[in-house]
Amino acid sequence: MMPGFLISTAATDNTKHQPSGNVYGQSTSKFIYNYFWQVPTIMGKTAQKGEPLVYLKDITLPNVSFDKETYTGASMTYKFASNVVYDDLSFVFYDTKGLLDILLEWRKSIWDQTTGVRTAAEYKKDTEIQVFTPQGSLVEKYIFTGSWPSSIKYGSLTYTSSDIKFVDVTLTFDYLDESSS
């Protein structure tokens with residue numbers, strides 16, 4: 001059992017304090033852990049079957065919020081959702097398998113010195129991130145439609161450390177499709 005409070009949807013009166021069976025009908029294998037993330041598709045490029053393109057070191061999934069519109073009636077104000085707003089996605093990975101080269105190629109598809117900023121059709125691609133249980137079962141999948149790197153930061157180079165080089169990317173996208181297994 002996870003620590004913290006338990007809110008039961010099974011109890012409708014004060015006689016039951018614990019739900020029977022699983023919390024919300026889910027087993028503990030559905031809990032999401034902070035590790036076991038992989039990226040099989042980034043910027044429209046897909047890794048070989050069964051092999052992720054990169055394992056993430058760190059990721060911050062975007063917040064999802066809704067803008068609102070208000071309409072004032074005779075004596076009340078009514079609020080309605082007007083559109084969904086996705087914050088950017090940021091992630092950090094170690095530069096393995098040449099992913100930095102893919103990001104640089106993608107950056108050049110957005111802008112270069114001779115053509116300037118190109119059309120969105122040339123650089124907006126889909127990116128997929130998958131979440132796994134410790135046992136290796138796929139739990140969730142996120143597909144970021146129309147994604148592009150709005151920021152690519154390379155790790156620092158220093159003679160005082162021999163750490164692996166990492167890359168920090170901010171991914172801007174149009175739409176997020178979430179699915180769970």
# chains A, B, ... in the order shown; residues from 1 in each chain; ligands from 1
$ residues_around --residues "region 117-123 of chain A" --least-positions-apart "5" --cutoff "8 Å" --atoms "only C-alpha atoms" --output "MDAnalysis selection string"
chainID A and resid 106 109:112 148
$ write_last_selection --atoms "N, CA, C and O atoms" --output "JSON list (two decimals), in the first residue's frame"
[["chain", "number", "residue", "atom", "x", "y", "z"],
["A", 106, "TRP", "N", 17.84, 18.41, -37.00],
["A", 106, "TRP", "CA", 16.49, 18.97, -36.85],
["A", 106, "TRP", "C", 16.56, 20.48, -36.69],
["A", 106, "TRP", "O", 15.77, 21.22, -37.26],
["A", 109, "SER", "N", 16.92, 22.08, -39.87],
["A", 109, "SER", "CA", 15.70, 22.05, -40.67],
["A", 109, "SER", "C", 14.78, 23.21, -40.30],
["A", 109, "SER", "O", 13.86, 23.55, -41.05],
["A", 110, "ILE", "N", 15.00, 23.82, -39.12],
["A", 110, "ILE", "CA", 14.21, 24.97, -38.69],
["A", 110, "ILE", "C", 14.80, 26.26, -39.25],
["A", 110, "ILE", "O", 14.09, 27.12, -39.77],
["A", 111, "TRP", "N", 16.14, 26.39, -39.17],
["A", 111, "TRP", "CA", 16.79, 27.63, -39.57],
["A", 111, "TRP", "C", 18.22, 27.35, -40.01],
["A", 111, "TRP", "O", 18.91, 26.50, -39.42],
["A", 112, "ASP", "N", 18.66, 28.04, -41.02],
["A", 112, "ASP", "CA", 20.09, 28.08, -41.35],
["A", 112, "ASP", "C", 20.40, 29.46, -41.95],
["A", 112, "ASP", "O", 19.50, 30.25, -42.22],
["A", 148, "TRP", "N", 8.84, 20.25, -32.11],
["A", 148, "TRP", "CA", 10.10, 20.79, -32.63],
["A", 148, "TRP", "C", 10.92, 21.32, -31.46],
["A", 148, "TRP", "O", 10.37, 21.74, -30.45]]
$ closest_residue --among "A:Ala81, A:Val139, A:Leu99, A:Ile59" --to "Thr46 (chain A)" --atoms "only C-alpha atoms"
A:Leu99
$ closest_residue --among "A:Tyr71, A:Tyr86, A:Phe166, A:Phe173" --to "Leu100 (chain A)" --atoms "only C-alpha atoms"
A:Phe166
$ select_by_dssp --residues "region 104-174 of chain A" --states "strand (DSSP E)" --output "VMD selection string"
chain A and resid 111 to 112 116 to 117 125 to 132 138 to 154 166 to 172
$ atom_distance --atom1 "CA of Tyr94 (chain A)" --atom2 "CA of Thr170 (chain A)"
14.8 Å
$ residues_around --residues "Ser150 (chain A)" --least-positions-apart "6" --cutoff "9 Å" --atoms "only C-alpha atoms" --output "MDAnalysis selection string"
chainID A and resid 88 107 169:172
$ write_last_selection --atoms "C-alpha atoms" --output "CSV table (one decimal), in the first residue's frame"
chain,number,residue,atom,x,y,z
A,88,ASP,CA,6.6,22.9,-23.4
A,107,ARG,CA,17.7,22.4,-35.7
A,169,VAL,CA,16.0,19.8,-24.9
A,170,THR,CA,12.9,21.9,-24.7
A,171,LEU,CA,10.3,20.5,-27.0
A,172,THR,CA,7.4,22.7,-28.2
$ atom_distance --atom1 "CA of Val64 (chain A)" --atom2 "CA of Ile143 (chain A)"
14.2 Å
$ closest_residue --among "A:Asn83, A:Thr145, A:Thr127, A:Ser180" --to "Gly44 (chain A)" --atoms "only C-alpha atoms"
A:Thr127
$ atom_distance --atom1 "CA of Tyr154 (chain A)" --atom2 "CA of Asp177 (chain A)"
28.3 Å
$ closest_residue --among "A:Gly146, A:Val92, A:Asp87, A:Ser65" --to "Lys125 (chain A)" --atoms "only C-alpha atoms"
A:Gly146
